[in-house]
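Single-structure report; data block below.
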Amino acid sequence: MHFLMGTPLPRNLLVSAFYTVTRGLLFTMLFTSSLASACPKGCHCSERNGLTVVHCASRNLESIPQDLPHDTVALLLSSNHIRKIPNQAFKDLPRLQELDLSRNRIETVDAGAFHGVADSLRVLDLSNNLIETVPKEAFARLHAKIRLSNNPWHCECTLQEVLRELQLDPETVNELSCHTSVLEEHAGKPVIQVLDSGINFCNFHHKTTDVAMFVTMFGWFTMVIAYVIFYVRHNQEDARRHLEYLKSLPSSSQISKDFDTISTVL
C-alpha cells in the first residue's frame with residue numbers, strides 16, 4: 001500500500017531484492033560460462049532440468065566428438081558425415097537419454113558401440129544412414145525406442161535376430177525395408193511385412209550352411225578317393241616294373257647250366 005502511494009520501500013528490503021537479483025544473474029552467467037567451456041568445439045550446449053543438451057547437428061563432423069560433458073542428457077548429431085560408431089563411443093555419458101545420429105553416412109556399428117548407455121538411453125535415431133547389417137551384440141540390453149528406417153538393410157538371419165530384441169519406433173517401422181536379401185524375391189519389401197508373412201531367414205541360413213558343409217565334405221571325400229586311386233595305380237606301375245625287371249634277370253637253372261658247361265671245357 002505504501003509502495004502504491006509513492007512511499008519508498010525500506011532500505012533493507014531494497015538491499016535484499018538487489019542481492020537476490022544479483023545472485024540469480026551471477027548464477028546464470030556462471031552456468032552459461034560453464035556450459036560454453038565444457039561444450040565441444042563447433043557445437044552449442046543448452047540446459048535441460050539441470051543437465052546438458054549438446055547440439056551438434058549440421059556441423060560437418062566426421063566422427064563423434066570426444067570432449068562431451070559428463071552430464072550430457074541429449075546428444076544431437078544429425079546431418080553430419082559420421083561413418084562409424086566405434087566401441088564404447090558414449091561410455092563416459094552415464095545420463096545420456098536421447099541420441100540422434102540420423103542423416104549421417106554411418107556404415108558400421110561396432111558390437112560394443114552403446115556399452116555404458118544401455119540402461120539410460122531412451123531414444124536412439126539411426127535413420128537415413130548407410131547401414132546394411134549390425135552385429136547381434138550392438139543393441140544388446142538397450143531399452144530405447146529405436147529408429148532404423150531408410151537404411152539399405154540386407155535381410156538375413158542376423159537382422160531378424162536383432163529386430164526380435166528391439167523396441168522399434170512404431171511411426172517408422174514400415175519404412176524399414178529390405179534393400180537386398182538372401183531371398184531375392186523379398187528385396188524392396190518392408191522387413192516387418194516379410195517377417196509377418198512367415199519367412200524365417202534363419203532357416204534359410206541353416207539350409208545354406210548345411211549345403212555348404214555337404215559340398216565341402218564331398219570335395220574332401222573326392223580328393224581322398226582321387227589320392228587313393230593315384231596311390232594304387234602308382235604302386236601297381238612300380239610293381240609291374242619290378243616284376244619285369246625280375247623277369248629280365250637270368251634264372252638260377254640257366255646259371256647252373258652255364259657253370260657246368262664251363263667246368264666241362266676246363
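Residue numbers start at 1 in each chain; chains themselves are named A, B, ... in the order of the C-alpha cells; ligands are numbered from 1 in the order shown.
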Close residues, range 168-184 of chain A itself excluded, 6 Å, only C-alpha atoms, min 3 positions apart in chain, as a VMD selection string: chain A and resid 145 to 147 149 152 to 156 187 to 191
DSSP alpha helix (DSSP H) selection over range 40-169 of chain A, as a ChimeraX atom specification: /A:157-164
Test item, strand (DSSP E) assignment across range 10-175 of chain A, answer as an MDAnalysis selection string: chainID A and resid 44:48 51:55 72:76 84:85 98:100 108:109 123:125 145:147 153:155 167:168
Residues near Ala118 in chain A, cut-off 10 Å, only C-alpha atoms, skip fewer than 4 positions along chain, as a PyMOL selection string: chain A and resi 90-91+94+96-97+113-114+122+139-144
Contact residues around Val134 in chain A with only C-alpha atoms at 12 Å, ignoring same-chain residues under 5 positions, as a list in words: Lys84, Ile85, Ile106, Glu107, Thr108, Val109, Asp110, Ala111, Gly112, Ala113, Leu126, Phe139, Ala140, Leu148, Asn151, Pro152, Trp153, His154, Cys155, Glu156, Cys157, Thr158, Leu159, Gln160, Glu161, Val162 and Leu163 of chain A
Atom pair CA of Asp67 in chain A / CA of Asn128 in chain A: separation (Å):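 If I compute the distance from CA of Asp67 in chain A to CA of Asn128 in chain A, I get 25.6 Å.
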Two-atom distance - CA of Asn200 in chain A, CA of Asn129 in chain A (Å): 25.5 Å
Need the shell around Leu101 in chain A: protein/DNA/RNA residues with any atom at most 6 Å away, counting only C-alpha atoms. Skip same-chain ones fewer than 6 positions apart. Format as a PDB file with C-alpha atoms, in the first residue's frame?
ATOM      1  CA  LEU A  77      24.425 -35.271 -34.158  1.00  0.00           C
ATOM      2  CA  SER A  78      22.095 -35.416 -37.151  1.00  0.00           C
ATOM      3  CA  ASP A 125      17.710 -42.442 -34.048  1.00  0.00           C
ATOM      4  CA  LEU A 126      19.835 -44.156 -36.723  1.00  0.00           C
TER       5      LEU A 126
END
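For the pair CA of Asp92 in chain A and CA of Ser127 in chain A, the interatomic distance is 23.9 Å.
Each of A:Ile64, A:Ile225, A:Cys202, A:Cys45 was compared to Gln88 in chain A using only C-alpha atoms, and A:Ile64 turns out to be the nearest.
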